[in-house]
Amino acid sequence: MRVDKYLKVARIVKRRTVANEMAAAGRVSVNGRKAKPSTEIAIGDIIEIGFGERQTRIRVRDIRPAVKKEEAEQLYELLN
């Protein structure tokens, strides 16, 4: 799954276009490497997202095309 879509499905970012713009601006990295919006992710990958001055690190636990709001937090593990 693409990193921009994953961020939207996991509800880390509210809109896919915002996730796409963040990745294009270099504010998203996967396993320590800058990620393009189309970067494919796998279970176990570490995603770092820059929200202004704050950095958020997550580990991918599961990849699903769609989830309910209550199940979204099961897709990742917060590392900060």
# chains A, B, ... in the order shown; residues from 1 in each chain; ligands from 1
>>> residues_around(residues="A:Ala24", least_positions_apart="6", cutoff="8 Å", atoms="only C-alpha atoms", output="list in words")
Ala35, Lys36 and Pro37 of chain A
>>> select_by_dssp(residues="chain A", states="alpha helix (DSSP H)", output="list of chain:residue names")
A:Val3, A:Asp4, A:Lys5, A:Tyr6, A:Leu7, A:Lys8, A:Val9, A:Arg16, A:Thr17, A:Val18, A:Ala19, A:Asn20, A:Glu21, A:Met22, A:Ala23, A:Ala24
>>> atom_distance(atom1="atom CA of A:Glu48", atom2="atom CA of A:Ala72")
17.6 Å
>>> residues_around(residues="A:Ile46", least_positions_apart="2", cutoff="6 Å", atoms="only C-alpha atoms", output="list in words")
Val30, Asn31, Ile58 and Arg59 of chain A
>>> write_last_selection(atoms="C-alpha atoms", output="mmCIF file, in the first residue's frame")
data_model
loop_
_atom_site.group_PDB
_atom_site.id
_atom_site.type_symbol
_atom_site.label_atom_id
_atom_site.label_comp_id
_atom_site.auth_asym_id
_atom_site.auth_seq_id
_atom_site.Cartn_x
_atom_site.Cartn_y
_atom_site.Cartn_z
ATOM 1 C CA VAL A 30 10.012 5.288 5.789
ATOM 2 C CA ASN A 31 12.799 3.351 7.540
ATOM 3 C CA ILE A 58 4.986 4.795 14.139
ATOM 4 C CA ARG A 59 5.548 1.112 13.356
#
>>> residues_around(residues="A:Arg64", least_positions_apart="3", cutoff="12 Å", atoms="only C-alpha atoms", output="list in words")
Met1, Arg2, Lys5, Tyr6, Leu7, Lys8, Val9, Ala10, Ile41, Ala42, Ile43, Val60, Arg61, Val67, Lys68, Glu71, Ala72, Gln74, Leu75 and Tyr76 of chain A
>>> write_last_selection(atoms="N, CA and C atoms", output="compact mmCIF listing (two decimals), in the first residue's frame")
# COMPACT_ATOMS: atom_id res chain seq x y z
N MET A 1 0.84 -1.17 0.00
CA MET A 1 0.00 0.00 0.00
C MET A 1 0.89 1.24 0.00
N ARG A 2 0.43 2.26 -0.69
CA ARG A 2 1.17 3.53 -0.74
C ARG A 2 1.16 4.20 0.62
N LYS A 5 -1.79 6.70 1.20
CA LYS A 5 -3.07 6.03 1.47
C LYS A 5 -3.08 5.41 2.86
N TYR A 6 -1.96 4.84 3.28
CA TYR A 6 -1.88 4.23 4.62
C TYR A 6 -2.12 5.27 5.71
N LEU A 7 -1.51 6.44 5.57
CA LEU A 7 -1.68 7.49 6.57
C LEU A 7 -3.14 7.91 6.67
N LYS A 8 -3.85 7.90 5.56
CA LYS A 8 -5.27 8.24 5.56
C LYS A 8 -6.10 7.12 6.18
N VAL A 9 -5.87 5.87 5.77
CA VAL A 9 -6.65 4.73 6.27
C VAL A 9 -6.45 4.58 7.78
N ALA A 10 -5.23 4.77 8.25
CA ALA A 10 -4.93 4.64 9.68
C ALA A 10 -5.37 5.87 10.47
N ILE A 41 4.72 0.53 1.49
CA ILE A 41 5.08 0.17 2.86
C ILE A 41 4.75 -1.29 3.11
N ALA A 42 5.39 -1.85 4.14
CA ALA A 42 5.16 -3.24 4.53
C ALA A 42 5.03 -3.29 6.05
N ILE A 43 4.50 -4.39 6.54
CA ILE A 43 4.37 -4.57 7.97
C ILE A 43 5.76 -4.55 8.60
N VAL A 60 4.37 0.10 11.50
CA VAL A 60 3.22 -0.49 10.80
C VAL A 60 2.98 -1.89 11.37
N ARG A 61 1.78 -2.11 11.91
CA ARG A 61 1.42 -3.41 12.48
C ARG A 61 0.55 -4.23 11.53
N VAL A 67 -10.73 0.49 7.20
CA VAL A 67 -11.04 0.07 8.57
C VAL A 67 -12.07 1.02 9.17
N LYS A 68 -12.75 0.54 10.18
CA LYS A 68 -13.66 1.40 10.92
C LYS A 68 -12.84 2.31 11.83
N GLU A 71 -11.17 0.74 14.82
CA GLU A 71 -10.10 -0.22 14.55
C GLU A 71 -8.83 0.41 13.99
N ALA A 72 -8.86 1.70 13.69
CA ALA A 72 -7.73 2.36 13.03
C ALA A 72 -6.45 2.30 13.86
N GLN A 74 -5.34 0.00 15.63
CA GLN A 74 -4.75 -1.35 15.60
C GLN A 74 -3.78 -1.49 14.43
N LEU A 75 -3.79 -0.56 13.49
CA LEU A 75 -2.93 -0.66 12.31
C LEU A 75 -1.49 -0.23 12.59
N TYR A 76 -1.25 0.50 13.66
CA TYR A 76 0.08 1.01 13.94
C TYR A 76 0.38 1.04 15.43
>>> closest_residue(among="A:Ile49, A:Arg11, A:Asn20, A:Asp4", to="A:Ala66", atoms="only C-alpha atoms")
A:Arg11
>>> select_by_dssp(residues="chain A", states="strand (DSSP E)", output="tab-separated table (two decimals) with N, CA and C atoms, in the first residue's frame")
chain	number	residue	atom	x	y	z
A	28	VAL	N	7.80	13.14	5.30
A	28	VAL	CA	7.52	11.75	5.66
A	28	VAL	C	8.72	10.90	5.25
A	29	SER	N	9.15	10.02	6.16
A	29	SER	CA	10.21	9.08	5.82
A	29	SER	C	9.81	7.67	6.25
A	30	VAL	N	10.28	6.70	5.50
A	30	VAL	CA	10.01	5.29	5.79
A	30	VAL	C	11.36	4.61	6.01
A	33	ARG	N	14.45	6.79	5.31
A	33	ARG	CA	14.64	7.36	3.98
A	33	ARG	C	13.45	8.21	3.61
A	34	LYS	N	13.71	9.36	3.00
A	34	LYS	CA	12.61	10.23	2.56
A	34	LYS	C	11.68	9.44	1.66
A	46	ILE	N	9.01	1.47	9.79
A	46	ILE	CA	8.93	2.62	10.69
A	46	ILE	C	8.67	3.86	9.83
A	47	ILE	N	7.59	4.56	10.13
A	47	ILE	CA	7.24	5.77	9.40
A	47	ILE	C	7.41	6.95	10.34
A	48	GLU	N	8.16	7.97	9.89
A	48	GLU	CA	8.34	9.21	10.65
A	48	GLU	C	7.62	10.32	9.91
A	49	ILE	N	6.79	11.06	10.65
A	49	ILE	CA	6.00	12.13	10.06
A	49	ILE	C	6.30	13.42	10.79
A	50	GLY	N	6.59	14.47	10.05
A	50	GLY	CA	6.85	15.78	10.65
A	50	GLY	C	5.60	16.64	10.63
A	51	PHE	N	5.10	16.98	11.81
A	51	PHE	CA	3.97	17.89	11.96
A	51	PHE	C	4.51	19.18	12.55
A	54	ARG	N	7.03	19.06	15.57
A	54	ARG	CA	6.89	17.76	16.23
A	54	ARG	C	7.13	16.62	15.24
A	55	GLN	N	7.84	15.61	15.67
A	55	GLN	CA	8.06	14.40	14.88
A	55	GLN	C	7.28	13.25	15.51
A	56	THR	N	6.58	12.49	14.70
A	56	THR	CA	5.85	11.32	15.18
A	56	THR	C	6.40	10.09	14.48
A	57	ARG	N	6.69	9.06	15.27
A	57	ARG	CA	7.20	7.80	14.72
A	57	ARG	C	6.19	6.70	15.01
A	58	ILE	N	5.89	5.92	13.97
A	58	ILE	CA	4.99	4.79	14.14
A	58	ILE	C	5.57	3.55	13.48
A	59	ARG	N	5.18	2.39	13.97
A	59	ARG	CA	5.55	1.11	13.36
A	59	ARG	C	4.28	0.52	12.75
A	60	VAL	N	4.37	0.10	11.50
A	60	VAL	CA	3.22	-0.49	10.80
A	60	VAL	C	2.98	-1.89	11.37
A	76	TYR	N	-1.25	0.50	13.66
A	76	TYR	CA	0.08	1.01	13.94
A	76	TYR	C	0.38	1.04	15.43
A	77	GLU	N	1.67	1.16	15.73
A	77	GLU	CA	2.13	1.29	17.11
A	77	GLU	C	2.90	2.60	17.22
A	78	LEU	N	2.50	3.46	18.14
A	78	LEU	CA	3.17	4.73	18.34
A	78	LEU	C	4.49	4.51	19.07
>>> atom_distance(atom1="atom CA of A:Val3", atom2="atom CA of A:Arg16")
9.7 Å
>>> closest_residue(among="A:Glu70, A:Ile63, A:Asn80, A:Glu53", to="A:Arg27", atoms="only C-alpha atoms")
A:Glu53
